[in-house]
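Accompanying notes for the structure given below.
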Amino acid sequence: MNKRNRTGAFAGLLMAAAFVGACSNAGATTAPTTAAAATPAASMAPSMAAPSASAAMMDGTTFGAACSAVPATGAGSFQGMASAPVATAASNNPVLSTLVTAVTAAKLGDTLNGAKDITVFAPTNDAFAAMDKATLDSAMADPSGLLTKVLTYHVVQGRLTPEMLAGTHKTLNGADLTVEGSGQDFTVNGKAMVVCGNVQTANATVYIIDGVLLPPAS
């Protein structure tokens with residue numbers, strides 16, 4: 001999706017008063033610790049049927065060109081991320097600093113860290129940069145509403161292995177997203193591509209994507 005179309009889709013959602021729409025810079029050392037906002041995302045208890053996977057299926061084998069940007073050692077490495085809950089793990093990864101800023105603004109850090117067995121589709125910094133700045137600023141200006149709806153649309157209950165990834169999945173936003181593909185080639189909602197997949201954290205499986213997902217208008 002080109003920038004003009006992405007911007008148009010975003011702006012349209014904002015005007016309709018509906019919904020909008022990996023890993024901080026290497027220097028970041030802390031994770032979001034603010035309390036979860038009192039929104040539909042405030043409770044991430046597994047209220048929906050959640051897929052599960054055996055330890056053998058979740059072997060931690062990552063795939064995708066963007067995986068090369070992940071540090072080889074330290075807290076931001078795949079091994080380091082595997083020992084931390086997802087918001088903390090993301091804060092140590094240089095690919096996702098904008099996402100971490102958004103999560104912090106929406107006060108979802110503790111909520112994500114405390115959730116059990118989730119899958120996160122995590123937009124890269126470049127994915128956010130491709131958005132119209134004014135539109136992104138508008139979302140950031142409404143952290144407990146617009147921004148929270150966007151972020152929770154990127155989270156699915158249950159750890160999805162690559163073998164389980166293709167299909168339609170209900171998000172914590174309440175709306176569905178659809179993943180197509182197989183092997184190491186997947187797209188989300190027909191637009192965002194998985195550029196580094198099957199990243200493990202202590203409580204989540206992460207698929208880093210190259211686009212920000214927009215929830216459907218209600």
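Identifiers for the structure tokens are assigned positionally: chains receive A, B, ... in sequence, residues are indexed from 1 per chain, and ligands are indexed from 1 in the order shown.
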Excluding same-chain residues fewer than 5 positions from A:Gly80, what lies within 9 Å of it counting only C-alpha atoms, as a list of chain:residue names?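 Counting only the stated atoms, we get A:Thr73, A:Gly74, A:Ala75, A:Ala89, A:Asn92, A:Thr201.
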Could you list, as a list in words, every residue within 12 Å of A:Met81, counting only C-alpha atoms and ignoring same-chain residues fewer than 5 positions away?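 The residues that qualify are Ala22, Cys23, Gly60, Val70, Pro71, Ala72, Thr73, Gly74, Ala75, Gly76, Val86, Ala87, Thr88, Ala89, Ala90, Ser91, Asn92, Asn93, Pro94, Asn198, Val199, Gln200, Thr201, Ala202, Asn203, Ala204, Thr205 and Val206 of chain A.
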For atom CA of A:Asp210 and atom CA of A:Phe186, quote the distance in Å rounded to one decimal. 11.3 Å
I'd like to know which of A:Val103, A:Ala134, A:Ala66, A:Val150 is closest to A:Asn173, using only C-alpha atoms.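 Checking each candidate against A:Asn173, we get A:Val150 as the closest.
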Mind giving me the straight-line distance from atom CA of A:Thr171 to atom CA of A:Gly158 in Å, one decimal?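 Here the two named atoms are 10.2 Å from each other.
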